[in-house]
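Notes to accompany the following structure.
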Amino acid sequence: MGVARPLMGRRDLIGLSCGVLLAATAALLRSSRPVVTVKRGVPDGDVGLFAAMRVRRSIREYTGEDVSLDDVQMLCWSAQGMTCPITGYRASPSAGAKFPLEVFAAVSRGVYHYWPEADDLKEHSTRDVRRKLSMASLNQPWVRDAAVDIVLCAEYERTTVRYGERGRRYVHMEAGHAAQNVLLTAVALGLGAVPIGAFDEDGVSMALGIEYPLVPVYLISIGHPAETSCGTEGEQL
Ligand SMILES: Cc1cc2nc3c(=O)[nH]c(=O)nc-3n(C[C@H](O)[C@H](O)[C@H](O)COP(=O)(O)O)c2cc1C
């Protein structure tokens with residue numbers, strides 16, 4: 001005869017409590033800004049990690065078709081999504097688990113601020129700022145033409161308070177981790193993306209409508225690809 005197991009173990013209870021706590025905190029943080037709740041989970045037709053790595057290429061020409069909010073949310077989730085309800089840890093590693101990064105997504109209908117606690121997109125503004133982001137990025141046309149520009153911003157102090165000046169390096173390393181997740185997720189979603197490091201911080205901040213202590217550290221322009229990933233059709237997924 002098997003020993004009857006309690007319906008919930010200690011770990012389940014801790015997990016549930018933390019989940020409830022996180023949900024309550026998220027509810028408290030909720031402002032009057034509209035929140036877009038979109039689908040969760042692994043995207044349809046997930047290509048697998050190694051295929052995504054093999055096919056990833058910087059893509060700078062797009063069809064002009066919008067990217068769905070489901071996909072925008074998935075891209076943001078890959079950068080900073082909360083993957084453990086118990087610890088609150090994220091899809092990207094973070095030095096000292098200080099999580100200095102904030103993720104913004106600029107699309108045609110406005111700017112969204114990704115909210116890791118709730119895995120939601122919170123409306124930040126209703127202006128299409130992609131042209132301004134492009135101007136702040138040495139007029140790179142793909143920043144303007146992208147269906148979505150993901151802007152990784154940092155509050156350095158969250159990390160430097162523990163690690164001093166070295167913390168600034170950590171923040172940039174983390175932006176690289178998050179950006180790579182976004183680039184590979186773009187491939188998995190059938191999209192094309194290019195990381196953008198050449199931009200003027202003040203110009204991007206103004207375009208986005210953010211202020212110090214938040215500073216933009218990395219952009220990723222993403223859209224439906226209008227070019228092949230490696231110059232040959234055979235390399236396309
Ligand atoms: C830190 C960093 C900054 C970059 N900045 C830009 C940029 O501002 N504009 C751009 O078109 N590509 C930029 N790129 C993309 C590189 O040009 C690209 O990765 C390189 O040409 C290799 O091509 P691949 O990404 O297709 O492998 C950047 C890449 C990195 C890693």
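In the structure tokens, chains take letters A, B, ... by order of appearance, with residues numbered from 1 within each chain and ligands from 1 in the order shown.
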* To do: Apply DSSP to the structure's backbone, then extract all residues of range 11-210 of chain A labelled strand (DSSP E) and return them as a PyMOL selection string.
  => chain A and resi 35-36+101-107+110-115+120-125+148-154+192-196
Residues of chain A within 6 Å of ligand 1: nearest atom pair and distance (Å, one decimal) for each, counting only C-alpha atoms and all ligand atoms, sorted by chain and number, as JSON lines?
```
{"residue": "A:Arg57", "atom": "CA", "partner": "ligand 1", "partner_atom_place_in_ligand_line": "26 (O)", "distance": 3.5}
{"residue": "A:Ser58", "atom": "CA", "partner": "ligand 1", "partner_atom_place_in_ligand_line": "26 (O)", "distance": 3.7}
{"residue": "A:Val194", "atom": "CA", "partner": "ligand 1", "partner_atom_place_in_ligand_line": "15 (C)", "distance": 5.9}
{"residue": "A:Pro195", "atom": "CA", "partner": "ligand 1", "partner_atom_place_in_ligand_line": "28 (C)", "distance": 5.0}
{"residue": "A:Ile196", "atom": "CA", "partner": "ligand 1", "partner_atom_place_in_ligand_line": "8 (O)", "distance": 3.7}
{"residue": "A:Gly197", "atom": "CA", "partner": "ligand 1", "partner_atom_place_in_ligand_line": "5 (N)", "distance": 3.7}
{"residue": "A:Ala198", "atom": "CA", "partner": "ligand 1", "partner_atom_place_in_ligand_line": "8 (O)", "distance": 3.8}
```
Contacts of range 103-112 of chain A within 8 Å, only C-alpha atoms, excl. fewer than 5 positions in-chain, as a CSV table (one decimal) with C-alpha atoms, in the first residue's frame:
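Below you can see around.csv, which holds the result:
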```
chain,number,residue,atom,x,y,z
A,66,ASP,CA,3.5,44.9,-37.4
A,72,VAL,CA,6.4,41.8,-28.2
A,76,CYS,CA,10.4,41.3,-23.4
A,79,ALA,CA,15.0,39.7,-21.6
A,80,GLN,CA,13.7,40.0,-18.1
A,121,LEU,CA,3.2,45.2,-21.0
A,122,LYS,CA,2.3,48.5,-19.3
A,123,GLU,CA,1.4,51.4,-21.5
A,124,HIS,CA,4.2,54.1,-21.1
A,125,SER,CA,3.0,56.5,-23.9
A,126,THR,CA,0.8,56.4,-27.0
A,127,ARG,CA,3.4,58.1,-29.3
A,128,ASP,CA,5.2,56.3,-32.1
A,129,VAL,CA,8.8,57.2,-31.2
A,130,ARG,CA,10.6,54.9,-33.6
A,147,ALA,CA,8.1,47.0,-36.1
A,148,VAL,CA,9.4,47.1,-32.6
A,149,ASP,CA,12.5,48.7,-31.0
A,150,ILE,CA,13.3,47.1,-27.7
A,151,VAL,CA,15.2,49.5,-25.5
A,152,LEU,CA,17.1,48.0,-22.6
A,153,CYS,CA,17.5,50.7,-19.9
A,208,LEU,CA,11.4,57.3,-25.0
```
What's the 12 Å shell around Glu157 in chain A, counting only C-alpha atoms, without same-chain residues fewer than 2 positions away, as a PDB file with C-alpha atoms, in the first residue's frame?
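This went into around-v2.pdb:
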```
ATOM      1  CA  LYS A  98      20.035  43.224  -8.393  1.00  0.00           C
ATOM      2  CA  PHE A  99      18.106  43.330 -11.694  1.00  0.00           C
ATOM      3  CA  PRO A 100      19.089  46.818 -12.847  1.00  0.00           C
ATOM      4  CA  LEU A 101      17.459  46.506 -16.285  1.00  0.00           C
ATOM      5  CA  ALA A 154      19.451  50.487 -16.665  1.00  0.00           C
ATOM      6  CA  GLU A 155      19.362  51.993 -13.243  1.00  0.00           C
ATOM      7  CA  THR A 159      24.058  47.292  -8.911  1.00  0.00           C
ATOM      8  CA  THR A 160      26.757  49.865  -8.016  1.00  0.00           C
ATOM      9  CA  VAL A 161      25.333  50.174  -4.501  1.00  0.00           C
ATOM     10  CA  ARG A 162      26.783  46.711  -3.875  1.00  0.00           C
ATOM     11  CA  TYR A 163      29.679  46.492  -6.349  1.00  0.00           C
ATOM     12  CA  GLY A 164      30.842  50.088  -6.665  1.00  0.00           C
ATOM     13  CA  GLU A 165      32.160  51.234 -10.051  1.00  0.00           C
ATOM     14  CA  ARG A 166      32.636  47.614 -11.154  1.00  0.00           C
ATOM     15  CA  GLY A 167      28.875  47.329 -11.005  1.00  0.00           C
ATOM     16  CA  ARG A 168      28.654  49.426 -14.181  1.00  0.00           C
ATOM     17  CA  TYR A 170      28.076  44.116 -14.629  1.00  0.00           C
ATOM     18  CA  VAL A 171      25.120  46.131 -15.886  1.00  0.00           C
ATOM     19  CA  TYR A 212      17.698  59.633 -14.862  1.00  0.00           C
ATOM     20  CA  PRO A 213      18.327  57.343 -12.971  1.00  0.00           C
ATOM     21  CA  LEU A 214      17.108  55.271 -15.943  1.00  0.00           C
ATOM     22  CA  VAL A 215      19.645  55.277 -18.789  1.00  0.00           C
TER      23      VAL A 215
END
```
- Task: Give me the residues within 10 Å of range 183-190 of chain A as a PyMOL selection string, counting only C-alpha atoms and dropping any in the same chain fewer than 5 places off.
- Result: chain A and resi 42-58+67+71-72+74-79+178+195+220-225+229+236-237
Take the residues that were just selected and, keeping C-alpha atoms, output them as a CSV table (one decimal), in the first residue's frame.
```
chain,number,residue,atom,x,y,z
A,42,VAL,CA,6.5,28.8,-25.4
A,43,PRO,CA,5.7,30.2,-28.9
A,44,ASP,CA,4.1,28.1,-31.5
A,45,GLY,CA,6.7,26.5,-33.8
A,46,ASP,CA,9.6,27.0,-31.4
A,47,VAL,CA,12.7,26.3,-33.5
A,48,GLY,CA,15.0,25.1,-30.8
A,49,LEU,CA,18.0,26.7,-29.3
A,50,PHE,CA,20.7,25.4,-31.7
A,51,ALA,CA,18.7,26.1,-34.8
A,52,ALA,CA,18.1,29.7,-33.6
A,53,MET,CA,21.8,30.2,-32.8
A,54,ARG,CA,22.8,28.8,-36.2
A,55,VAL,CA,20.3,31.0,-38.1
A,56,ARG,CA,20.6,34.2,-36.2
A,57,ARG,CA,22.0,37.1,-38.3
A,58,SER,CA,21.7,40.9,-37.9
A,67,VAL,CA,4.7,42.4,-34.8
A,71,ASP,CA,5.3,38.5,-29.7
A,72,VAL,CA,6.4,41.8,-28.2
A,74,MET,CA,7.5,37.2,-25.5
A,75,LEU,CA,10.6,39.3,-26.6
A,76,CYS,CA,10.4,41.3,-23.4
A,77,TRP,CA,9.9,38.2,-21.4
A,78,SER,CA,13.0,36.7,-22.8
A,79,ALA,CA,15.0,39.7,-21.6
A,178,ALA,CA,19.3,40.1,-22.1
A,195,PRO,CA,21.4,44.9,-31.9
A,220,ILE,CA,17.4,45.9,-30.5
A,221,SER,CA,15.4,46.6,-33.7
A,222,ILE,CA,13.1,43.8,-34.7
A,223,GLY,CA,10.7,43.2,-37.6
A,224,HIS,CA,9.4,40.6,-40.1
A,225,PRO,CA,12.5,40.0,-42.2
A,229,SER,CA,19.6,35.5,-42.7
A,236,GLN,CA,16.4,30.4,-44.0
A,237,LEU,CA,14.4,28.5,-41.4
```
One decimal place gives the CA of Leu138 in chain A-CA of Asn181 in chain A separation as 24.8 Å
